[in-house]
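A.B. asks: This is the content of target_31.txt (compact mmCIF, C-alpha atoms):
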```
# COMPACT_ATOMS: atom_id res chain seq x y z
CA MET V 1 24.99 -40.91 -69.99
CA SER V 2 25.30 -41.86 -66.33
CA LYS V 3 28.71 -41.84 -64.70
CA VAL V 4 30.03 -45.32 -63.96
CA ALA V 5 31.56 -46.09 -60.56
CA LEU V 6 33.22 -49.29 -59.35
CA ILE V 7 33.23 -50.01 -55.60
CA THR V 8 35.38 -52.77 -54.11
CA GLY V 9 34.05 -53.87 -50.75
CA ILE V 10 30.50 -52.86 -51.67
CA THR V 11 28.97 -55.34 -49.20
CA GLY V 12 30.68 -53.63 -46.25
CA GLN V 13 29.44 -50.75 -44.11
CA ASP V 14 31.05 -47.98 -46.18
CA GLY V 15 30.38 -49.68 -49.50
CA SER V 16 26.65 -49.86 -48.84
CA TYR V 17 26.36 -46.20 -47.83
CA LEU V 18 28.54 -45.09 -50.75
CA ALA V 19 26.44 -47.12 -53.20
CA GLU V 20 23.30 -45.39 -51.89
CA LEU V 21 24.91 -41.97 -52.32
CA LEU V 22 26.08 -42.68 -55.87
CA LEU V 23 22.67 -44.03 -56.89
CA GLU V 24 21.13 -40.80 -55.59
CA GLN V 25 23.60 -38.92 -57.80
CA GLY V 26 22.45 -40.89 -60.85
CA TYR V 27 25.49 -43.18 -61.20
CA ARG V 28 25.62 -46.63 -62.68
CA VAL V 29 27.04 -48.48 -59.67
CA ILE V 30 29.11 -51.65 -60.05
CA GLY V 31 30.17 -53.55 -56.95
CA MET V 32 33.01 -56.04 -56.81
CA THR V 33 32.52 -59.07 -54.57
CA ARG V 34 34.66 -62.12 -53.88
CA ARG V 35 33.31 -65.51 -54.90
CA SER V 36 32.22 -67.39 -51.80
CA SER V 37 29.89 -70.22 -50.87
CA THR V 38 28.35 -68.00 -48.20
CA LEU V 39 27.68 -64.55 -49.65
CA ASN V 40 26.39 -61.84 -47.33
CA PHE V 41 24.44 -59.12 -49.12
CA GLU V 42 22.53 -58.00 -46.03
CA ARG V 43 23.78 -54.39 -46.15
CA ILE V 44 22.93 -53.93 -49.84
CA ALA V 45 19.79 -56.10 -50.07
CA HIS V 46 17.56 -53.02 -50.29
CA ILE V 47 19.43 -51.68 -53.35
CA GLN V 48 20.60 -54.93 -54.92
CA ASP V 49 18.21 -54.56 -57.87
CA LYS V 50 19.70 -51.14 -58.65
CA ILE V 51 23.39 -52.09 -58.71
CA GLU V 52 25.50 -54.53 -60.73
CA LEU V 53 27.68 -57.08 -58.95
CA VAL V 54 30.81 -58.55 -60.52
CA ALA V 55 33.15 -61.22 -59.17
CA GLY V 56 36.73 -60.17 -58.46
CA ASP V 57 39.42 -60.32 -55.81
CA LEU V 58 42.20 -57.98 -54.71
CA LEU V 59 44.44 -61.05 -54.57
CA ASP V 60 43.94 -61.70 -58.30
CA GLN V 61 45.09 -58.94 -60.66
CA THR V 62 43.67 -60.62 -63.76
CA SER V 63 40.14 -60.42 -62.34
CA LEU V 64 40.64 -56.72 -61.62
CA GLN V 65 41.84 -56.01 -65.15
CA LEU V 66 38.91 -57.88 -66.69
CA ILE V 67 36.40 -55.96 -64.57
CA LEU V 68 37.93 -52.59 -65.47
CA GLN V 69 38.15 -53.42 -69.17
CA GLU V 70 34.53 -54.56 -69.31
CA THR V 71 32.94 -51.84 -67.19
CA GLN V 72 35.18 -48.80 -67.98
CA PRO V 73 34.42 -46.92 -64.73
CA GLU V 74 35.10 -43.21 -64.44
CA GLU V 75 35.48 -43.50 -60.66
CA VAL V 76 37.02 -46.38 -58.68
CA TYR V 77 36.55 -46.58 -54.90
CA ASN V 78 38.81 -49.12 -53.17
CA LEU V 79 37.10 -49.95 -49.89
CA ALA V 80 37.92 -53.67 -49.77
CA ALA V 81 40.42 -54.81 -47.12
CA GLN V 82 40.99 -57.10 -44.19
CA SER V 83 39.87 -54.28 -41.93
CA PHE V 84 39.62 -55.74 -38.42
CA VAL V 85 42.66 -54.61 -36.43
CA GLN V 86 42.61 -57.46 -33.90
CA THR V 87 42.53 -60.07 -36.67
CA SER V 88 45.53 -58.47 -38.36
CA PHE V 89 47.78 -59.65 -35.53
CA SER V 90 46.83 -63.31 -36.08
CA GLN V 91 46.52 -63.03 -39.87
CA ALA V 92 49.32 -60.60 -40.67
CA VAL V 93 50.27 -62.08 -44.05
CA LEU V 94 46.68 -62.16 -45.33
CA THR V 95 46.22 -58.58 -44.13
CA GLY V 96 49.33 -57.53 -46.05
CA GLU V 97 48.26 -59.38 -49.20
CA THR V 98 44.81 -57.79 -49.22
CA THR V 99 45.16 -54.41 -47.53
CA ALA V 100 48.63 -53.52 -48.88
CA LEU V 101 49.44 -55.48 -52.04
CA GLY V 102 45.77 -55.46 -53.06
CA VAL V 103 46.09 -51.69 -53.54
CA THR V 104 49.10 -52.24 -55.81
CA ARG V 105 47.19 -54.69 -57.97
CA LEU V 106 44.17 -52.41 -58.29
CA LEU V 107 46.14 -49.21 -58.94
CA ASP V 108 48.21 -50.94 -61.60
CA ALA V 109 45.08 -52.34 -63.23
CA VAL V 110 43.51 -48.87 -63.25
CA ARG V 111 46.69 -47.39 -64.75
CA HIS V 112 46.67 -49.84 -67.65
CA CYS V 113 42.92 -50.25 -68.27
CA VAL V 114 41.27 -46.92 -67.36
CA PRO V 115 44.10 -44.40 -66.83
CA GLU V 116 41.71 -41.43 -66.84
CA ALA V 117 39.56 -42.87 -64.04
CA ARG V 118 39.55 -41.13 -60.67
CA PHE V 119 40.70 -43.37 -57.84
CA TYR V 120 39.87 -43.35 -54.12
CA GLN V 121 41.94 -45.28 -51.58
CA ALA V 122 40.46 -45.93 -48.15
CA SER V 123 43.32 -45.00 -45.85
CA SER V 124 42.89 -45.10 -42.08
CA SER V 125 43.59 -43.19 -38.89
CA GLU V 126 45.24 -46.40 -37.65
CA MET V 127 48.22 -45.30 -39.76
CA PHE V 128 48.96 -42.66 -37.10
CA GLY V 129 49.10 -45.32 -34.37
CA LYS V 130 51.52 -44.03 -31.73
CA VAL V 131 50.61 -40.46 -32.50
CA GLN V 132 53.35 -37.92 -33.09
CA GLU V 133 51.11 -34.87 -32.69
CA VAL V 134 47.58 -34.03 -31.55
CA PRO V 135 45.35 -33.60 -33.46
CA GLN V 136 46.45 -35.64 -36.46
CA ARG V 137 46.42 -34.00 -39.88
CA GLU V 138 47.57 -34.85 -43.40
CA SER V 139 51.19 -33.92 -42.60
CA THR V 140 51.44 -35.84 -39.30
CA PRO V 141 54.19 -38.52 -39.36
CA LEU V 142 52.84 -42.08 -39.49
CA TYR V 143 53.62 -44.63 -36.75
CA PRO V 144 51.31 -47.66 -37.19
CA ARG V 145 50.88 -50.06 -34.27
CA SER V 146 49.30 -53.10 -35.95
CA PRO V 147 49.79 -55.16 -39.11
CA TYR V 148 46.56 -53.55 -40.35
CA GLY V 149 47.96 -50.06 -39.77
CA VAL V 150 51.24 -50.98 -41.48
CA ALA V 151 49.35 -52.37 -44.49
CA LYS V 152 47.27 -49.21 -44.73
CA VAL V 153 50.46 -47.10 -44.70
CA TYR V 154 51.73 -49.10 -47.68
CA GLY V 155 48.49 -48.58 -49.60
CA HIS V 156 48.43 -44.89 -48.71
CA TRP V 157 51.95 -44.15 -49.90
CA LEU V 158 51.49 -46.25 -53.01
CA THR V 159 48.47 -44.12 -53.90
CA VAL V 160 50.59 -40.99 -53.50
CA ASN V 161 53.37 -42.60 -55.57
CA TYR V 162 51.07 -43.51 -58.47
CA ARG V 163 49.58 -40.02 -58.41
CA GLU V 164 52.99 -38.45 -58.67
CA SER V 165 54.59 -41.03 -60.99
CA TYR V 166 51.78 -41.51 -63.51
CA ASN V 167 49.75 -38.30 -63.10
CA MET V 168 46.74 -40.30 -61.95
CA HIS V 169 43.77 -38.69 -60.19
CA ALA V 170 44.53 -40.86 -57.14
CA ASN V 171 43.14 -39.74 -53.79
CA SER V 172 43.58 -40.98 -50.25
CA GLY V 173 40.91 -40.48 -47.59
CA ILE V 174 42.40 -40.80 -44.10
CA LEU V 175 39.16 -41.61 -42.34
CA PHE V 176 38.99 -41.72 -38.58
CA ASN V 177 36.69 -44.21 -36.86
CA HIS V 178 33.28 -44.14 -38.49
CA GLU V 179 30.42 -46.27 -37.25
CA SER V 180 26.78 -47.02 -37.99
CA PRO V 181 24.06 -49.62 -37.38
CA ARG V 182 25.68 -51.50 -40.29
CA ARG V 183 29.03 -51.87 -38.51
CA GLY V 184 30.20 -55.46 -38.09
CA LEU V 185 29.49 -57.10 -34.73
CA GLU V 186 33.20 -57.79 -34.19
CA PHE V 187 34.01 -54.08 -33.88
CA VAL V 188 34.00 -52.66 -30.35
CA THR V 189 31.35 -50.01 -31.00
CA ARG V 190 28.83 -52.47 -32.40
CA LYS V 191 29.79 -55.01 -29.74
CA ILE V 192 28.84 -52.41 -27.14
CA THR V 193 25.53 -51.37 -28.70
CA SER V 194 24.40 -54.91 -29.55
CA THR V 195 25.24 -56.23 -26.08
CA ALA V 196 23.53 -53.29 -24.37
CA ALA V 197 20.45 -54.04 -26.47
CA ALA V 198 20.68 -57.75 -25.64
CA ILE V 199 20.94 -57.02 -21.90
CA HIS V 200 17.95 -54.71 -22.24
CA HIS V 201 15.97 -57.61 -23.73
CA GLY V 202 17.21 -60.02 -21.07
CA VAL V 203 19.19 -62.26 -23.43
CA ALA V 204 22.68 -61.26 -22.20
CA LYS V 205 24.12 -60.57 -18.75
CA GLU V 206 27.47 -58.84 -19.26
CA LEU V 207 29.73 -57.05 -21.73
CA ARG V 208 33.42 -57.95 -21.84
CA LEU V 209 35.75 -55.22 -23.10
CA GLY V 210 39.48 -54.49 -23.26
CA ASN V 211 41.01 -51.03 -22.83
CA LEU V 212 38.33 -48.60 -21.65
CA ASP V 213 40.81 -45.72 -21.67
CA ALA V 214 41.42 -45.84 -25.43
CA GLN V 215 40.25 -42.61 -27.06
CA ARG V 216 38.86 -42.34 -30.56
CA ASP V 217 37.41 -39.78 -32.94
CA TRP V 218 34.07 -41.39 -33.86
CA GLY V 219 31.75 -40.24 -36.63
CA PHE V 220 28.83 -41.56 -38.70
CA ALA V 221 29.80 -43.61 -41.76
CA LYS V 222 27.06 -42.10 -43.93
CA ASP V 223 28.58 -38.64 -43.38
CA TYR V 224 32.05 -39.93 -44.22
CA VAL V 225 31.26 -41.57 -47.58
CA ARG V 226 30.11 -38.16 -48.78
CA ALA V 227 33.70 -36.96 -48.28
CA MET V 228 34.94 -39.85 -50.46
CA TRP V 229 32.71 -38.75 -53.31
CA LEU V 230 33.66 -35.09 -52.91
CA MET V 231 37.36 -35.95 -53.26
CA LEU V 232 36.77 -37.43 -56.69
CA GLN V 233 34.85 -34.34 -57.84
CA GLN V 234 37.87 -32.06 -57.36
CA ASP V 235 40.04 -30.89 -60.26
CA THR V 236 43.20 -31.76 -58.32
CA PRO V 237 43.68 -35.04 -56.42
CA GLY V 238 44.97 -35.11 -52.85
CA ASP V 239 44.93 -36.60 -49.38
CA TYR V 240 42.32 -35.64 -46.79
CA VAL V 241 41.76 -36.35 -43.11
CA VAL V 242 38.06 -36.98 -42.47
CA ALA V 243 37.19 -36.72 -38.79
CA THR V 244 35.05 -34.90 -36.22
CA GLY V 245 37.89 -33.24 -34.31
CA GLU V 246 36.45 -34.66 -31.06
CA THR V 247 37.76 -37.51 -28.94
CA HIS V 248 35.83 -39.87 -26.69
CA GLU V 249 36.89 -42.80 -24.50
CA VAL V 250 35.55 -46.31 -24.99
CA ARG V 251 33.99 -46.03 -21.52
CA GLU V 252 32.02 -42.95 -22.65
CA PHE V 253 30.72 -44.87 -25.64
CA ALA V 254 29.65 -47.66 -23.27
CA ARG V 255 28.04 -45.23 -20.82
CA LEU V 256 25.95 -43.55 -23.52
CA ALA V 257 24.94 -46.88 -25.03
CA PHE V 258 23.64 -48.24 -21.74
CA GLU V 259 21.95 -44.94 -20.90
CA ALA V 260 20.02 -45.26 -24.17
CA VAL V 261 18.29 -48.31 -22.67
CA ASP V 262 18.14 -46.87 -19.12
CA LEU V 263 20.89 -49.08 -17.68
CA ASP V 264 23.99 -48.37 -15.59
CA TRP V 265 26.95 -49.54 -17.69
CA GLU V 266 29.19 -50.14 -14.67
CA LYS V 267 26.93 -52.98 -13.51
CA TYR V 268 27.47 -54.94 -16.72
CA VAL V 269 30.92 -54.16 -18.17
CA VAL V 270 33.75 -56.58 -17.33
CA ILE V 271 37.40 -55.95 -18.24
CA ASP V 272 38.83 -58.93 -20.14
CA GLU V 273 42.57 -59.12 -20.88
CA ARG V 274 41.85 -61.18 -24.02
CA PHE V 275 40.64 -58.02 -25.75
CA MET V 276 43.78 -55.98 -25.08
CA ARG V 277 45.90 -55.34 -28.19
CA PRO V 278 49.59 -56.40 -28.21
CA ALA V 279 50.41 -52.78 -29.14
CA GLU V 280 47.66 -50.35 -28.18
CA VAL V 281 46.71 -47.12 -29.92
CA ASP V 282 45.71 -44.86 -27.05
CA LEU V 283 44.58 -41.61 -28.68
CA LEU V 284 43.32 -40.74 -32.14
CA VAL V 285 41.72 -37.39 -32.99
CA GLY V 286 41.73 -35.84 -36.44
CA ASP V 287 41.88 -32.30 -37.80
CA PRO V 288 39.35 -32.13 -40.67
CA THR V 289 40.18 -28.51 -41.61
CA LYS V 290 41.45 -29.36 -45.11
CA ALA V 291 38.39 -31.46 -45.95
CA GLU V 292 36.08 -28.78 -44.63
CA THR V 293 37.87 -25.98 -46.47
CA GLU V 294 38.70 -27.60 -49.81
CA LEU V 295 35.84 -30.09 -50.16
CA GLY V 296 33.15 -28.15 -48.33
CA TRP V 297 32.53 -31.26 -46.24
CA THR V 298 30.82 -31.17 -42.85
CA ARG V 299 29.36 -33.91 -40.68
CA ASP V 300 25.67 -33.93 -39.82
CA THR V 301 25.62 -36.41 -36.91
CA THR V 302 26.93 -35.86 -33.39
CA PHE V 303 28.66 -38.50 -31.28
CA ALA V 304 25.67 -38.86 -28.92
CA GLN V 305 23.26 -39.15 -31.86
CA LEU V 306 25.45 -41.85 -33.40
CA VAL V 307 25.53 -43.98 -30.24
CA THR V 308 21.78 -43.66 -29.69
CA MET V 309 21.06 -44.51 -33.34
CA MET V 310 23.14 -47.67 -33.13
CA VAL V 311 21.57 -48.84 -29.86
CA GLU V 312 18.03 -48.22 -31.12
CA SER V 313 18.77 -50.20 -34.27
CA ASP V 314 20.08 -53.14 -32.23
CA VAL V 315 17.13 -52.97 -29.83
CA ASN V 316 14.74 -53.18 -32.79
CA ARG V 317 16.73 -55.96 -34.46
CA ILE V 318 16.80 -58.16 -31.37
CA ALA V 319 13.13 -57.50 -30.67
CA LYS V 320 12.34 -58.71 -34.17
CA GLU V 321 14.50 -61.81 -33.69
CA LEU V 322 12.69 -62.57 -30.43
CA GLY V 323 9.31 -62.05 -32.07
CA LYS V 324 8.42 -59.15 -29.81
```
Please express what this file holds, its structure, as structure tokens.
C.D. replies:
Amino acid sequence: MSKVALITGITGQDGSYLAELLLEQGYRVIGMTRRSSTLNFERIAHIQDKIELVAGDLLDQTSLQLILQETQPEEVYNLAAQSFVQTSFSQAVLTGETTALGVTRLLDAVRHCVPEARFYQASSSEMFGKVQEVPQRESTPLYPRSPYGVAKVYGHWLTVNYRESYNMHANSGILFNHESPRRGLEFVTRKITSTAAAIHHGVAKELRLGNLDAQRDWGFAKDYVRAMWLMLQQDTPGDYVVATGETHEVREFARLAFEAVDLDWEKYVVIDERFMRPAEVDLLVGDPTKAETELGWTRDTTFAQLVTMMVESDVNRIAKELGK
């Protein structure tokens, strides 16, 4: 019998890569999606005939219970969230309902419907916020600097609490920034690569960015979902930082992206105050030692390879749109 896995947020970047990985491992993959008049299955279109989609919402506990009772998954991956940091400042309550309380609803549903299931919570490096030590590891104190980061802290500690209170195999992956050609266009990395590609094709003239000095630990999403799966294969549940251990400035990301299309980034990048955060996170860099040692996880893709991959994908996409 195939293992059964439920993925919330399956239509997102991480959900699509995780679904591919689980299918390769022989799983029966069930993806939860919210009912909407405008569904976007672009990231999973190539595997849609191999997975099962069910309607549910982290805001509605009854729907979660029904899904778990009907599908009886052995592994549950909670990737769904309001995950755009900038939006969390203008939609703080929605972010809390989904990204914080949504974890409560799902964990409680798992506890009552499939208590033996192994659970993965998508925590975030944004929980570290105003960092208390460099690099950040599992024991680093949390100091979130956005409603999104605060909501993720809630979900993270609730996962720990349910693990300790109910002996659940509940795991938290503290993933640092992970990108790919499937990243949403509203995120700064994809904004950079798509605009560089558009300028290359002559359909854009400039790129407006906020804080170029912000430093992040960027990796490839496909590498990172492998760590999620490895966590749920362990005998003992735990929390793991998943990162590269390297830090790069936003300006370096921009420079490499424009170099990939033979352009000088300084000629096209404009600083725009509208894209500055009310409370900035200046430096994030993770220590993946625990994940490497206990899970045997390593990344396969370098920072430069990641940027080039994303630019090339956007160049090809825009060329196709333009009929070139």
A.B. asks: Near Met310 (chain V), counting all atoms listed in the file, which residues have an atom at most 8 Å away, once you skip same-chain residues fewer than 4 positions from it, shown as a list in words?
C.D. replies: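 Non-adjacent residues within range: Ser180, Pro181, Arg190, Thr193, Leu306 and Asp314 of chain V.
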A.B. asks: Skipping near chain neighbours, those fewer than 5 positions away, what residues fall within 12 Å of Phe187 (chain V) using all atoms listed in the file, listed as a PyMOL selection string?
C.D. replies: chain V and resi 13+83-87+177-182+192-195+209-210+250+275
A.B. asks: Would you mind telling me which residue in V:Thr8, V:Ser172, V:Asn161, V:Thr308 lies nearest to Glu138 (chain V) when using only C-alpha atoms?
C.D. replies: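 Of all the options, V:Ser172 lies closest to Glu138 (chain V).
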A.B. asks: Contacts between region 259-273 of chain V and region 140-224 of chain V, please, where a residue of region 140-224 of chain V counts if it comes within 9 Å (with all atoms listed in the file); show its shortest atom pair and distance in Å to one decimal, rows by chain and ascending number, as a tab-separated table.
C.D. replies:
```
residue	atom	partner	partner_atom	distance
V:Ala196	CA	V:Val261	CA	7.4
V:Ala197	CA	V:Val261	CA	7.2
V:Ile199	CA	V:Tyr268	CA	8.6
V:His200	CA	V:Val261	CA	6.4
V:Lys205	CA	V:Tyr268	CA	6.9
V:Glu206	CA	V:Tyr268	CA	4.7
V:Leu207	CA	V:Val269	CA	4.7
V:Arg208	CA	V:Val270	CA	4.7
V:Leu209	CA	V:Ile271	CA	5.2
V:Gly210	CA	V:Asp272	CA	5.5
V:Asn211	CA	V:Ile271	CA	7.6
V:Leu212	CA	V:Ile271	CA	8.2
```
A.B. asks: Which is closer to Glu252 (chain V) than all the others in V:Asp213, V:Ala117, V:Ala19, V:Lys130, using only C-alpha atoms?
C.D. replies: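 Looking only at the distances to Glu252 (chain V), the closest residue turns out to be V:Asp213.
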A.B. asks: Write out as a list of chain:residue names the residues lying within 12 Å of Gln25 (chain V), counting only C-alpha atoms and excluding same-chain residues fewer than 5 positions away.
C.D. replies: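 Listing them by chain and then by number gives V:Ser2, V:Lys3, V:Val4, V:Ala5, V:Leu18, V:Ala19, V:Glu20, V:Arg226, V:Trp229, V:Leu230.
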A.B. asks: May I have the residues from that selection written out with C-alpha atoms, as a PDB file, in the coordinates of the input?
C.D. replies:
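part-v3.pdb written:
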```
ATOM      1  CA  SER V   2      25.300 -41.860 -66.330  1.00  0.00           C
ATOM      2  CA  LYS V   3      28.710 -41.840 -64.700  1.00  0.00           C
ATOM      3  CA  VAL V   4      30.030 -45.320 -63.960  1.00  0.00           C
ATOM      4  CA  ALA V   5      31.560 -46.090 -60.560  1.00  0.00           C
ATOM      5  CA  LEU V  18      28.540 -45.090 -50.750  1.00  0.00           C
ATOM      6  CA  ALA V  19      26.440 -47.120 -53.200  1.00  0.00           C
ATOM      7  CA  GLU V  20      23.300 -45.390 -51.890  1.00  0.00           C
ATOM      8  CA  ARG V 226      30.110 -38.160 -48.780  1.00  0.00           C
ATOM      9  CA  TRP V 229      32.710 -38.750 -53.310  1.00  0.00           C
ATOM     10  CA  LEU V 230      33.660 -35.090 -52.910  1.00  0.00           C
TER      11      LEU V 230
END
```
A.B. asks: Using all atoms listed in the file - which residues lie no farther than 7 Å from the point (34.0, -58.3, -55.4) in the file's frame? Write them as a PyMOL selection string.
C.D. replies: chain V and resi 8-9+31-34+54-57
A.B. asks: For those residues, write C-alpha atoms to a file as a CSV table (one decimal), in the frame of the given file.
C.D. replies:
```csv
chain,number,residue,atom,x,y,z
V,8,THR,CA,35.4,-52.8,-54.1
V,9,GLY,CA,34.0,-53.9,-50.8
V,31,GLY,CA,30.2,-53.6,-57.0
V,32,MET,CA,33.0,-56.0,-56.8
V,33,THR,CA,32.5,-59.1,-54.6
V,34,ARG,CA,34.7,-62.1,-53.9
V,54,VAL,CA,30.8,-58.6,-60.5
V,55,ALA,CA,33.2,-61.2,-59.2
V,56,GLY,CA,36.7,-60.2,-58.5
V,57,ASP,CA,39.4,-60.3,-55.8
```
A.B. asks: Can you pull out every residue within 10 Å of Leu284 (chain V), counting all atoms listed in the file, but drop anything in the same chain fewer than 3 positions away, and send it as a PyMOL selection string?
C.D. replies: chain V and resi 125-126+128-131+133-136+176-177+214-218+243+245-248+281
A.B. asks: I need the residue nearest Ile44 (chain V) from this list: V:Tyr143, V:Tyr17, V:Tyr27, V:Tyr162. Use only C-alpha atoms for the distance.
C.D. replies: V:Tyr17
A.B. asks: Would you pick out the contacts of Tyr120 (chain V) at 7 Å or less, using all atoms listed in the file, so that residues sharing its chain but fewer than 4 positions from it are not included, and give the list as a tab-separated table (two decimals) with C-alpha atoms, in the coordinates of the input?
C.D. replies:
```
chain	number	residue	atom	x	y	z
V	76	VAL	CA	37.02	-46.38	-58.68
V	77	TYR	CA	36.55	-46.58	-54.90
V	78	ASN	CA	38.81	-49.12	-53.17
V	170	ALA	CA	44.53	-40.86	-57.14
V	171	ASN	CA	43.14	-39.74	-53.79
V	172	SER	CA	43.58	-40.98	-50.25
```
A.B. asks: Kindly give the distance, in Å, that separates CA of Gln72 (chain V) and CA of Arg43 (chain V), rounded to a single decimal.
C.D. replies: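 Separating CA of Gln72 (chain V) from CA of Arg43 (chain V) is a distance of 25.3 Å.
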